[in-house]
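**Q** Structure: entry_13.cif, mmCIF, C-alpha atoms and all ligand atoms.
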data_target
loop_
_atom_site.label_atom_id
_atom_site.label_comp_id
_atom_site.auth_asym_id
_atom_site.auth_seq_id
_atom_site.Cartn_x
_atom_site.Cartn_y
_atom_site.Cartn_z
CA MET A 1 -193.58 13.85 8.59
CA ILE A 2 -190.46 14.31 6.52
CA ASN A 3 -189.89 15.44 2.99
CA LEU A 4 -189.68 12.82 0.31
CA ASN A 5 -186.43 11.85 -1.22
CA ARG A 6 -185.39 9.07 -3.51
CA ARG A 7 -183.49 7.14 -0.88
CA PHE A 8 -186.49 7.14 1.38
CA PHE A 9 -188.65 5.57 -1.32
CA LEU A 10 -186.16 2.81 -1.79
CA GLN A 11 -186.17 1.97 1.89
CA GLY A 12 -189.70 0.72 1.51
CA MET A 13 -191.18 3.28 3.92
CA SER A 14 -192.85 5.22 1.20
CA LEU A 15 -196.44 5.67 2.23
CA SER A 16 -197.63 9.06 1.17
CA LEU A 17 -200.66 11.15 1.97
CA LEU A 18 -202.88 11.84 -1.00
CA PRO A 19 -203.98 15.48 -0.89
CA ILE A 20 -207.74 15.85 -0.62
CA GLY A 21 -209.30 15.99 -4.05
CA ALA A 22 -206.16 14.83 -5.87
CA ALA A 23 -206.47 12.11 -8.45
CA VAL A 24 -204.53 8.92 -8.02
CA SER A 25 -202.56 9.88 -11.13
CA ALA A 26 -201.08 12.74 -9.11
CA LYS A 27 -198.66 10.05 -7.96
CA GLU A 28 -196.38 11.33 -10.70
CA ASN A 29 -195.97 14.63 -8.92
CA ARG A 30 -194.11 13.63 -5.80
CA ASN A 31 -193.85 17.21 -4.56
CA LEU A 32 -197.53 17.02 -3.66
CA PHE A 33 -196.92 14.42 -1.01
CA SER A 34 -195.62 14.20 2.49
CA THR A 35 -194.33 10.88 3.76
CA ILE A 36 -195.49 8.82 6.69
CA SER A 37 -193.05 6.91 8.87
CA ILE A 38 -194.36 3.58 10.07
CA ASN A 39 -193.87 2.68 13.74
CA LYS A 40 -194.82 -0.02 16.24
CA GLU A 41 -198.21 1.54 16.95
CA ASP A 42 -199.24 0.99 13.31
CA VAL A 43 -200.93 -2.06 11.85
CA LEU A 44 -201.36 -3.15 8.25
CA LEU A 45 -204.69 -4.87 7.60
CA ILE A 46 -204.62 -6.97 4.42
CA ILE A 47 -208.19 -7.63 3.40
CA ASP A 48 -209.28 -10.84 1.63
CA VAL A 49 -206.42 -11.41 -0.82
CA GLN A 50 -207.86 -14.83 -1.66
CA ASN A 51 -208.05 -16.90 -4.83
CA ASP A 52 -211.77 -16.35 -5.40
CA PHE A 53 -211.28 -12.57 -5.51
CA CYS A 54 -208.41 -12.81 -8.01
CA PRO A 55 -208.56 -13.57 -11.76
CA GLY A 56 -209.76 -17.16 -12.22
CA GLY A 57 -211.76 -17.08 -8.98
CA SER A 58 -215.54 -17.27 -8.63
CA LEU A 59 -215.91 -13.60 -7.62
CA ALA A 60 -212.86 -12.26 -9.41
CA VAL A 61 -212.03 -8.58 -9.00
CA LYS A 62 -210.43 -7.15 -12.14
CA ASP A 63 -206.65 -7.09 -11.69
CA GLY A 64 -207.07 -8.29 -8.10
CA ASP A 65 -203.73 -10.08 -8.29
CA LYS A 66 -201.87 -6.99 -9.54
CA ILE A 67 -201.75 -5.45 -6.05
CA ILE A 68 -200.04 -8.40 -4.38
CA GLU A 69 -196.46 -7.43 -5.19
CA GLY A 70 -197.03 -3.95 -3.73
CA ILE A 71 -198.68 -5.43 -0.64
CA ASN A 72 -195.66 -7.65 -0.11
CA THR A 73 -193.38 -4.62 -0.44
CA VAL A 74 -195.30 -2.55 2.06
CA GLN A 75 -195.44 -5.45 4.53
CA LYS A 76 -191.69 -5.01 5.02
CA SER A 77 -192.35 -1.65 6.69
CA PHE A 78 -194.76 -3.01 9.31
CA LYS A 79 -194.13 -4.83 12.58
CA ASN A 80 -197.86 -5.55 12.93
CA ILE A 81 -199.69 -7.26 10.09
CA ILE A 82 -203.14 -8.84 10.23
CA LEU A 83 -204.92 -10.69 7.44
CA SER A 84 -208.65 -11.07 6.95
CA GLN A 85 -210.09 -14.10 5.23
CA ASP A 86 -213.62 -14.37 3.85
CA TRP A 87 -214.77 -17.79 5.07
CA HIS A 88 -218.28 -18.99 4.22
CA PRO A 89 -220.27 -22.22 4.63
CA SER A 90 -221.43 -23.54 1.23
CA ASP A 91 -225.06 -22.47 1.88
CA HIS A 92 -224.17 -18.99 3.10
CA SER A 93 -226.99 -16.44 3.01
CA SER A 94 -224.91 -13.98 0.97
CA PHE A 95 -224.86 -16.42 -1.98
CA TYR A 96 -227.55 -15.91 -4.62
CA THR A 97 -227.77 -19.70 -4.88
CA SER A 98 -229.20 -19.77 -1.34
CA HIS A 99 -232.25 -17.75 -2.47
CA GLU A 100 -234.55 -19.30 -5.06
CA GLY A 101 -235.17 -17.09 -8.09
CA LYS A 102 -232.50 -14.54 -7.17
CA GLU A 103 -229.66 -13.52 -9.44
CA ALA A 104 -226.05 -12.70 -8.67
CA PHE A 105 -225.44 -9.04 -7.76
CA SER A 106 -229.11 -8.41 -6.98
CA THR A 107 -229.99 -7.32 -3.45
CA ILE A 108 -232.18 -8.77 -0.74
CA GLN A 109 -233.49 -7.43 2.55
CA MET A 110 -231.95 -9.23 5.53
CA PRO A 111 -232.86 -8.68 9.21
CA TYR A 112 -229.70 -6.51 9.45
CA GLY A 113 -230.39 -4.46 6.29
CA GLU A 114 -229.84 -4.68 2.56
CA GLN A 115 -227.49 -7.42 1.37
CA THR A 116 -225.93 -7.82 -2.08
CA LEU A 117 -226.16 -11.42 -3.30
CA TRP A 118 -222.89 -12.80 -4.61
CA PRO A 119 -221.82 -15.85 -6.59
CA PRO A 120 -220.69 -18.54 -4.13
CA HIS A 121 -217.12 -17.71 -3.07
CA CYS A 122 -214.54 -18.42 -0.37
CA VAL A 123 -216.27 -21.60 0.76
CA ILE A 124 -214.66 -23.00 3.91
CA GLY A 125 -211.84 -25.38 3.05
CA SER A 126 -211.95 -24.70 -0.71
CA LYS A 127 -209.07 -23.64 -2.94
CA GLY A 128 -210.93 -20.38 -3.60
CA ALA A 129 -210.85 -19.51 0.09
CA GLU A 130 -207.08 -19.88 0.32
CA PHE A 131 -204.85 -16.83 0.27
CA HIS A 132 -203.32 -16.16 -3.15
CA SER A 133 -200.09 -18.11 -3.44
CA LYS A 134 -198.08 -14.93 -4.19
CA LEU A 135 -199.16 -13.18 -0.99
CA ALA A 136 -196.41 -13.20 1.64
CA LEU A 137 -197.90 -14.67 4.82
CA SER A 138 -194.97 -15.11 7.16
CA GLY A 139 -195.16 -11.63 8.72
CA ALA A 140 -198.81 -11.85 9.72
CA ARG A 141 -199.49 -12.28 13.43
CA MET A 142 -203.22 -12.96 13.14
CA VAL A 143 -205.92 -14.02 10.69
CA ILE A 144 -209.45 -12.71 11.20
CA ARG A 145 -211.97 -15.00 9.56
CA LYS A 146 -215.32 -13.46 8.71
CA GLY A 147 -218.66 -14.50 7.26
CA PHE A 148 -218.52 -17.99 8.78
CA ARG A 149 -222.04 -17.81 10.23
CA ARG A 150 -224.61 -18.86 7.65
CA GLU A 151 -227.16 -16.17 8.44
CA VAL A 152 -224.98 -13.06 8.38
CA ASP A 153 -222.34 -11.69 6.01
CA SER A 154 -219.32 -9.75 7.17
CA TYR A 155 -217.72 -7.24 4.83
CA SER A 156 -215.85 -5.55 7.64
CA ALA A 157 -213.00 -7.18 9.53
CA PHE A 158 -214.35 -5.43 12.66
CA TRP A 159 -218.09 -6.12 12.62
CA GLU A 160 -220.45 -8.52 10.91
CA ASN A 161 -222.96 -6.75 8.65
CA GLY A 162 -225.49 -4.81 10.70
CA ARG A 163 -222.81 -4.02 13.33
CA VAL A 164 -224.43 -6.30 15.93
CA SER A 165 -221.61 -8.78 16.51
CA PRO A 166 -217.91 -7.86 16.60
CA THR A 167 -215.12 -10.02 15.17
CA GLY A 168 -212.80 -9.19 18.08
CA LEU A 169 -210.37 -7.20 15.94
CA GLU A 170 -211.02 -3.90 17.71
CA GLY A 171 -210.15 -5.40 21.09
CA ALA A 172 -207.07 -7.09 19.69
CA LEU A 173 -205.76 -3.86 18.19
CA LYS A 174 -206.44 -1.90 21.37
CA THR A 175 -204.63 -4.41 23.58
CA MET A 176 -201.73 -4.35 21.10
CA GLY A 177 -201.47 -0.56 21.58
CA ILE A 178 -202.31 0.21 17.95
CA ARG A 179 -203.15 3.82 17.10
CA ARG A 180 -203.01 3.91 13.30
CA VAL A 181 -204.59 1.42 10.92
CA PHE A 182 -203.51 1.06 7.29
CA VAL A 183 -205.87 -0.93 5.06
CA CYS A 184 -205.27 -2.54 1.67
CA GLY A 185 -206.65 -5.50 -0.32
CA LEU A 186 -209.91 -6.62 -1.90
CA ALA A 187 -212.30 -5.23 -2.66
CA LEU A 188 -211.98 -1.48 -2.27
CA ASP A 189 -215.71 -0.74 -2.45
CA PHE A 190 -216.90 -3.52 -0.11
CA CYS A 191 -214.67 -5.24 2.43
CA VAL A 192 -211.92 -2.59 2.43
CA ALA A 193 -214.51 0.20 2.61
CA TYR A 194 -216.45 -1.29 5.52
CA THR A 195 -213.27 -2.21 7.38
CA ALA A 196 -211.78 1.27 7.03
CA VAL A 197 -214.97 3.04 8.14
CA ASP A 198 -215.34 0.72 11.15
CA SER A 199 -211.70 1.32 12.02
CA ALA A 200 -212.28 5.08 12.03
CA LEU A 201 -215.47 4.65 14.07
CA ALA A 202 -213.46 2.61 16.61
CA GLY A 203 -211.19 5.63 17.06
CA PHE A 204 -208.17 4.54 15.05
CA ASP A 205 -206.44 7.02 12.76
CA THR A 206 -207.24 5.21 9.50
CA TYR A 207 -205.56 5.19 6.11
CA VAL A 208 -206.48 3.31 2.95
CA ILE A 209 -203.60 2.62 0.57
CA VAL A 210 -205.71 3.14 -2.54
CA ASP A 211 -203.23 1.84 -5.09
CA LEU A 212 -203.03 -1.43 -3.14
CA CYS A 213 -206.79 -2.03 -3.50
CA LYS A 214 -209.03 -2.95 -6.44
CA PRO A 215 -212.81 -2.45 -6.60
CA VAL A 216 -215.68 -4.75 -7.59
CA ASN A 217 -217.09 -1.59 -9.16
CA LEU A 218 -220.84 -2.15 -9.17
CA PRO A 219 -222.79 0.98 -10.19
CA GLY A 220 -221.98 3.80 -7.75
CA THR A 221 -220.02 1.70 -5.26
CA VAL A 222 -216.63 3.38 -5.68
CA GLU A 223 -218.15 6.87 -5.43
CA ALA A 224 -220.04 5.82 -2.29
CA THR A 225 -216.80 4.45 -0.84
CA PHE A 226 -214.86 7.69 -1.27
CA LYS A 227 -217.81 9.65 0.09
CA ALA A 228 -217.84 7.42 3.19
CA PHE A 229 -214.08 7.86 3.61
CA ASN A 230 -214.49 11.66 3.57
CA LYS A 231 -217.42 11.53 5.98
CA HIS A 232 -215.54 9.40 8.52
CA GLY A 233 -212.11 10.98 8.16
CA VAL A 234 -210.50 7.95 6.49
CA LYS A 235 -207.40 9.19 4.68
CA LYS A 236 -206.42 7.98 1.21
CA ILE A 237 -202.74 7.35 0.66
CA LEU A 238 -200.49 5.95 -2.03
CA LEU A 239 -197.50 3.68 -2.02
CA ILE A 240 -194.82 5.43 -3.99
CA ASP A 241 -192.30 3.06 -5.45
ZN ZN B 1 -217.98 -13.11 1.13
#
Will you turn the file into structure tokens for me?
Ligand SMILES: [Zn+2]
**A**
Amino acid sequence: MINLNRRFFLQGMSLSLLPIGAAVSAKENRNLFSTISINKEDVLLIIDVQNDFCPGGSLAVKDGDKIIEGINTVQKSFKNIILSQDWHPSDHSSFYTSHEGKEAFSTIQMPYGEQTLWPPHCVIGSKGAEFHSKLALSGARMVIRKGFRREVDSYSAFWENGRVSPTGLEGALKTMGIRRVFVCGLALDFCVAYTAVDSALAGFDTYVIVDLCKPVNLPGTVEATFKAFNKHGVKKILLID
């Protein structure tokens, strides 16, 4: 940890711990923060920055595209970058259209637990499943695709829903010697939330860069996310620019 100074911000290494209980607007008061230096044992996980989750997409997150510039900036600080990509067959069980009489954003009981039903999105091979064209991709060493099995959704980049089958990310990070995981992307209250909690449960020191995420914001989902972060020791941080 070192103290913040202007030059340090400009070097693009400006990830800062958000004090517990502080509002995101506390960003203005830089004295509240201590700065984190990024090293080779750190990984940046960029969750689902795909066309369908951005304005104009079939499951658009409000201002989902506004975080991309910041994500590109923070990528410059990391040697290890991994992308996740939601990747569904067209009849995927998480789509409301796969369940007669069900509406979008209602829930259904699946063998692995409760599942929110979504508008069809990120269909394999579609434009909507592609990464947003503004997202820098060249630094990423790996893409984790998730949700490609019809019968099970996968919010987390570590485990399919129900935590029965792993994606392989945990093993990859451990063989890479990763100790700290930094998560950003879409959407804060679903795929980012589940990924960050699973990362902490896997034993990684886990940080969510909250100003580089946007939520779907269904009733109560953001509150539940922050509660889960506190419960599992996931730290909230900000990118100061
Ligand atoms: Zn999905």
**Q** At what distance in Å, to one decimal, does atom CA of Phe131 of chain A lie from atom CA of Ala104 of chain A?
**A**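 Interatomic distance, atom CA of Ala104 of chain A to atom CA of Phe131 of chain A: 23.4 Å.
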**Q** Can you pull out the residues contacting Cys213 of chain A? Cut-off 6 Å, using all atoms listed in the file, and skip same-chain residues under 4 positions away; I want them as a PyMOL selection string.
**A** chain A and resi 184-186+188
**Q** For a test of reading the model, state the distance in Å between atom CA of Pro120 of chain A and atom CA of Val164 of chain A, rounded to one decimal.
**A**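 Interatomic distance here is 23.8 Å.
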**Q** Around ligand ZN 1 (chain B), at most 8 Å away and counting only C-alpha atoms and all ligand atoms, which residues are there? Put them as a list in words, please.
**A**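 These are the residues that qualify: Asp86, Trp87, His88, Ser94, Trp118, His121, Cys122, Gly147, Asp153, Ser154 and Tyr155 of chain A.
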**Q** Work out how far apart atom CA of Ser126 of chain A and atom CA of Phe95 of chain A are and give it in Å to one decimal.
**A**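 Taking atom CA of Ser126 of chain A and atom CA of Phe95 of chain A, their separation equals 15.4 Å.
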